[in-house]
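Structure below is query_21.cif: mmCIF, C-alpha atoms.
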```cif
data_work
#
loop_
_atom_site.group_PDB
_atom_site.id
_atom_site.type_symbol
_atom_site.label_atom_id
_atom_site.label_comp_id
_atom_site.auth_asym_id
_atom_site.auth_seq_id
_atom_site.Cartn_x
_atom_site.Cartn_y
_atom_site.Cartn_z
ATOM 1 C CA MET A 494 76.317 83.306 49.540
ATOM 2 C CA LYS A 495 73.008 84.501 48.120
ATOM 3 C CA THR A 496 74.180 88.136 48.160
ATOM 4 C CA SER A 497 77.262 87.346 46.087
ATOM 5 C CA THR A 498 75.167 85.362 43.598
ATOM 6 C CA LEU A 499 72.735 88.277 43.247
ATOM 7 C CA LYS A 500 75.641 90.708 42.757
ATOM 8 C CA CYS A 501 77.086 88.463 40.061
ATOM 9 C CA ILE A 502 73.745 88.218 38.266
ATOM 10 C CA ALA A 503 73.272 92.001 38.491
ATOM 11 C CA ALA A 504 76.775 92.624 37.127
ATOM 12 C CA LEU A 505 76.219 90.235 34.207
ATOM 13 C CA SER A 506 72.855 91.827 33.440
ATOM 14 C CA LEU A 507 74.431 95.273 33.408
ATOM 15 C CA LEU A 508 77.202 94.012 31.137
ATOM 16 C CA PHE A 509 74.664 92.643 28.631
ATOM 17 C CA ILE A 510 72.666 95.877 28.665
ATOM 18 C CA VAL A 511 75.776 98.000 28.035
ATOM 19 C CA ALA A 512 76.962 95.631 25.293
ATOM 20 C CA GLY A 513 73.530 95.832 23.659
ATOM 21 C CA LEU A 514 73.610 99.611 23.667
ATOM 22 C CA GLN A 515 77.066 99.690 22.129
ATOM 23 C CA ALA A 516 76.105 97.122 19.486
ATOM 24 C CA GLN A 517 73.315 99.347 18.200
ATOM 25 C CA ASN A 518 73.980 100.516 14.671
ATOM 26 C CA ARG A 519 75.294 104.053 14.459
ATOM 27 C CA TYR A 520 75.203 105.433 10.958
ATOM 28 C CA ARG A 521 77.475 107.740 9.038
ATOM 29 C CA VAL A 522 76.124 109.643 6.048
ATOM 30 C CA GLU A 523 77.929 107.366 3.602
ATOM 31 C CA ASP A 524 76.291 104.292 5.204
ATOM 32 C CA VAL A 525 72.693 105.378 4.609
ATOM 33 C CA PRO A 526 71.193 103.604 1.585
ATOM 34 C CA ASN A 527 69.682 105.983 -0.962
ATOM 35 C CA VAL A 528 66.599 104.049 -2.076
ATOM 36 C CA GLN A 529 66.024 106.490 -4.959
ATOM 37 C CA LEU A 530 69.106 105.100 -6.703
ATOM 38 C CA GLN A 531 67.570 101.613 -6.754
ATOM 39 C CA ASP A 532 63.952 102.607 -7.434
ATOM 40 C CA TYR A 533 62.871 106.151 -8.324
ATOM 41 C CA THR A 534 59.405 105.515 -6.822
ATOM 42 C CA ARG A 535 60.843 105.054 -3.318
ATOM 43 C CA TYR A 536 61.415 107.885 -0.871
ATOM 44 C CA VAL A 537 61.814 106.178 2.516
ATOM 45 C CA SER A 538 65.208 104.844 3.583
ATOM 46 C CA ASP A 539 64.671 102.592 6.621
ATOM 47 C CA PRO A 540 67.609 100.160 6.723
ATOM 48 C CA GLU A 541 66.685 98.753 10.162
ATOM 49 C CA ASN A 542 62.993 98.240 9.220
ATOM 50 C CA ALA A 543 61.632 100.370 12.066
ATOM 51 C CA LEU A 544 58.502 101.074 9.997
ATOM 52 C CA ASP A 545 55.845 98.620 8.881
ATOM 53 C CA ILE A 546 55.978 97.923 5.148
ATOM 54 C CA GLY A 547 52.440 99.263 4.792
ATOM 55 C CA ASP A 548 53.522 102.588 6.290
ATOM 56 C CA VAL A 549 56.528 102.731 3.954
ATOM 57 C CA LEU A 550 54.318 102.107 0.911
ATOM 58 C CA LEU A 551 51.829 104.777 2.018
ATOM 59 C CA LEU A 552 54.634 107.287 2.639
ATOM 60 C CA ASP A 553 56.177 106.524 -0.758
ATOM 61 C CA GLU A 554 52.775 107.103 -2.386
ATOM 62 C CA ARG A 555 52.212 110.415 -0.590
ATOM 63 C CA LEU A 556 55.734 111.661 -1.300
ATOM 64 C CA ALA A 557 55.316 110.819 -4.994
ATOM 65 C CA TRP A 558 52.143 112.931 -4.956
ATOM 66 C CA LEU A 559 54.040 115.825 -3.328
ATOM 67 C CA ARG A 560 56.724 115.588 -5.993
ATOM 68 C CA ASP A 561 54.258 115.385 -8.892
ATOM 69 C CA SER A 562 51.707 117.926 -7.611
ATOM 70 C CA LEU A 563 53.757 120.451 -5.648
ATOM 71 C CA ALA A 564 57.263 119.898 -7.039
ATOM 72 C CA LEU A 565 58.514 119.063 -3.529
ATOM 73 C CA GLU A 566 61.284 116.469 -3.576
ATOM 74 C CA THR A 567 61.306 114.669 -0.253
ATOM 75 C CA ALA A 568 63.268 111.880 1.384
ATOM 76 C CA ILE A 569 62.567 110.268 4.742
ATOM 77 C CA VAL A 570 65.394 108.528 6.582
ATOM 78 C CA VAL A 571 64.745 106.397 9.667
ATOM 79 C CA LEU A 572 67.801 105.293 11.640
ATOM 80 C CA PRO A 573 68.357 104.069 15.172
ATOM 81 C CA ALA A 574 71.297 106.430 15.800
ATOM 82 C CA ILE A 575 74.081 108.395 14.162
ATOM 83 C CA ASP A 576 77.808 108.245 14.795
ATOM 84 C CA THR A 577 78.114 111.007 17.383
ATOM 85 C CA ARG A 578 81.907 110.891 17.186
ATOM 86 C CA GLN A 579 81.673 112.151 13.592
ATOM 87 C CA TYR A 580 78.627 114.448 13.790
ATOM 88 C CA GLY A 581 77.999 117.086 16.435
ATOM 89 C CA SER A 582 74.226 116.877 16.081
ATOM 90 C CA ALA A 583 71.403 115.230 14.164
ATOM 91 C CA LYS A 584 70.952 118.550 12.318
ATOM 92 C CA GLU A 585 74.572 118.430 11.131
ATOM 93 C CA PHE A 586 74.063 114.828 9.975
ATOM 94 C CA ALA A 587 70.828 115.771 8.154
ATOM 95 C CA THR A 588 72.467 118.730 6.409
ATOM 96 C CA GLU A 589 75.370 116.599 5.197
ATOM 97 C CA LEU A 590 73.032 113.818 4.003
ATOM 98 C CA PHE A 591 70.759 116.342 2.257
ATOM 99 C CA ASN A 592 73.724 117.801 0.375
ATOM 100 C CA ARG A 593 75.306 114.424 -0.415
ATOM 101 C CA TRP A 594 72.091 113.078 -1.924
ATOM 102 C CA GLY A 595 71.343 116.357 -3.717
ATOM 103 C CA ILE A 596 67.698 116.411 -2.624
ATOM 104 C CA GLY A 597 65.681 118.890 -4.650
ATOM 105 C CA ASP A 598 66.121 120.627 -7.977
ATOM 106 C CA LYS A 599 69.379 122.576 -8.213
ATOM 107 C CA GLU A 600 67.629 125.629 -9.666
ATOM 108 C CA ILE A 601 64.609 125.973 -7.358
ATOM 109 C CA HIS A 602 66.024 124.229 -4.252
ATOM 110 C CA ASN A 603 62.768 122.386 -3.545
ATOM 111 C CA GLY A 604 64.076 119.619 -1.305
ATOM 112 C CA LEU A 605 63.012 118.304 2.082
ATOM 113 C CA LEU A 606 64.736 115.650 4.174
ATOM 114 C CA ILE A 607 63.035 114.258 7.254
ATOM 115 C CA LEU A 608 65.460 112.404 9.532
ATOM 116 C CA LEU A 609 64.065 110.296 12.371
ATOM 117 C CA LEU A 610 66.356 108.765 14.989
ATOM 118 C CA THR A 611 64.655 106.030 17.014
ATOM 119 C CA ALA A 612 67.135 104.823 19.661
ATOM 120 C CA ASP A 613 66.062 105.213 23.279
ATOM 121 C CA GLY A 614 67.621 108.335 24.712
ATOM 122 C CA GLU A 615 68.498 109.610 21.227
ATOM 123 C CA ARG A 616 65.075 109.993 19.618
ATOM 124 C CA GLU A 617 64.959 113.059 17.465
ATOM 125 C CA ILE A 618 63.309 114.311 14.328
ATOM 126 C CA VAL A 619 64.983 116.836 12.041
ATOM 127 C CA PHE A 620 63.692 118.617 8.957
ATOM 128 C CA GLU A 621 66.321 119.826 6.490
ATOM 129 C CA THR A 622 64.957 122.086 3.750
ATOM 130 C CA GLY A 623 66.321 123.544 0.542
ATOM 131 C CA TYR A 624 66.452 127.323 0.195
ATOM 132 C CA GLY A 625 63.347 127.388 -2.017
ATOM 133 C CA THR A 626 61.411 125.140 0.351
ATOM 134 C CA GLU A 627 62.242 127.067 3.520
ATOM 135 C CA LYS A 628 60.123 129.986 2.328
ATOM 136 C CA VAL A 629 57.050 127.839 3.032
ATOM 137 C CA LEU A 630 58.474 125.345 5.520
ATOM 138 C CA THR A 631 60.107 127.794 7.897
ATOM 139 C CA ASP A 632 61.965 126.490 10.951
ATOM 140 C CA GLY A 633 59.049 127.599 13.144
ATOM 141 C CA PHE A 634 56.443 125.888 10.982
ATOM 142 C CA CYS A 635 58.512 122.678 10.849
ATOM 143 C CA LYS A 636 58.823 122.701 14.648
ATOM 144 C CA LEU A 637 55.068 123.230 14.966
ATOM 145 C CA ILE A 638 54.407 120.224 12.696
ATOM 146 C CA GLN A 639 56.813 118.110 14.717
ATOM 147 C CA VAL A 640 55.466 119.047 18.148
ATOM 148 C CA GLN A 641 51.739 119.042 17.358
ATOM 149 C CA LYS A 642 51.448 116.306 14.744
ATOM 150 C CA MET A 643 54.423 113.967 14.967
ATOM 151 C CA VAL A 644 55.891 113.810 18.467
ATOM 152 C CA PRO A 645 52.776 112.340 20.162
ATOM 153 C CA PHE A 646 52.991 109.283 17.881
ATOM 154 C CA LEU A 647 56.775 109.074 18.062
ATOM 155 C CA LYS A 648 56.702 109.041 21.883
ATOM 156 C CA GLU A 649 54.574 105.903 21.657
ATOM 157 C CA GLY A 650 56.975 104.264 19.205
ATOM 158 C CA ALA A 651 54.382 104.572 16.412
ATOM 159 C CA TYR A 652 56.989 105.830 13.951
ATOM 160 C CA GLY A 653 54.969 105.194 10.813
ATOM 161 C CA GLU A 654 51.909 106.999 12.137
ATOM 162 C CA GLY A 655 54.109 109.887 13.268
ATOM 163 C CA LEU A 656 55.531 110.291 9.779
ATOM 164 C CA ILE A 657 52.220 109.849 7.946
ATOM 165 C CA VAL A 658 50.512 112.826 9.676
#
```

This entry written out as structure tokens:
Amino acid sequence: MKTSTLKCIAALSLLFIVAGLQAQNRYRVEDVPNVQLQDYTRYVSDPENALDIGDVLLLDERLAWLRDSLALETAIVVLPAIDTRQYGSAKEFATELFNRWGIGDKEIHNGLLILLLTADGEREIVFETGYGTEKVLTDGFCKLIQVQKMVPFLKEGAYGEGLIV
């Protein structure tokens, strides 16, 4: 009798875990809120509030400085997961979002999108750069920044600290 009760409890627990994983929000490009359209001083789109508000404010301040001082137009997007049925990879999602939002000046292509996915088993960070920006932020340099400066914080779930580097 006790064995069947334990099996029932285990089965129900597994069912709740699987249901929780499936209930997690998976975003499509058109679902991501562009905070710049509501407030031009905002650069961080975090619809699930994975970051502390203090981190968001600090990132917005630093990204405004990058725009004003270095003419680098940047957006940071933090999502739990993307709709993998629609997008083959996080890079594909980032490229489509970058183009849809039109990040960067059309003449000098000075845009940068940083996409952070936070779901367990799907954590990933992607940099998408405009043609003018990739001269300085090469794929190799972006990977170096991610691995040396960001990933240690992101592994600990300190998403804000990982992005503030």

Care to translate the PyMOL selection byres ((chain A and resi 612) around 10) into actual residues of this file, as a ChimeraX atom specification?
/A:514,517-519,572-575,609-611,613-617

Polymer residues at most 12 Å from range 630-645 of chain A, all atoms listed in the file, same-chain spacing of 2 or more positions, as a ChimeraX atom specification
/A:565,603-609,611,616-628,647-658

Given the PyMOL selection byres ((chain A and resi 547-562) around 6) and the file above, list the residues it selects as a PyMOL selection string.
chain A and resi 535-536+545-546+563-566+653

As a check of understanding, name the residues that the PyMOL selection byres ((chain A and resi 528) around 10) selects in the supplied structure, as a list in words.
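Checking the PyMOL selection byres ((chain A and resi 528) around 10) against this file, the residues are Val525, Pro526, Asn527, Gln529, Leu530, Gln531, Asp532, Tyr533, Thr534, Arg535, Tyr536, Val537, Ser538, Asp539, Pro540, Ala568 and Val570 of chain A.
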
Find the distance between CA of His602 in chain A and CA of Val571 in chain A and write it in Å to one decimal.
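Calculated distance between CA of His602 in chain A and CA of Val571 in chain A is 22.7 Å.
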
What separation in Å, quoted to one decimal, exists between CA of Gly595 in chain A and CA of Thr577 in chain A?
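We find that CA of Gly595 in chain A and CA of Thr577 in chain A lie 22.8 Å from each other.
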
Between CA of Phe646 in chain A and CA of Asp524 in chain A, what is the spacing in Å?
27.0 Å

I'd like the box whose edges run along x, y and z of the file and which contains every listed atom of range 548-565 of chain A, padded by 6 Å per side; could you state its centre and edge lengths in Å, one decimal, as JSON?
```
{"center_x": 55.1, "center_y": 111.3, "center_z": -1.3, "size_x": 18.8, "size_y": 30.3, "size_z": 27.2}
```
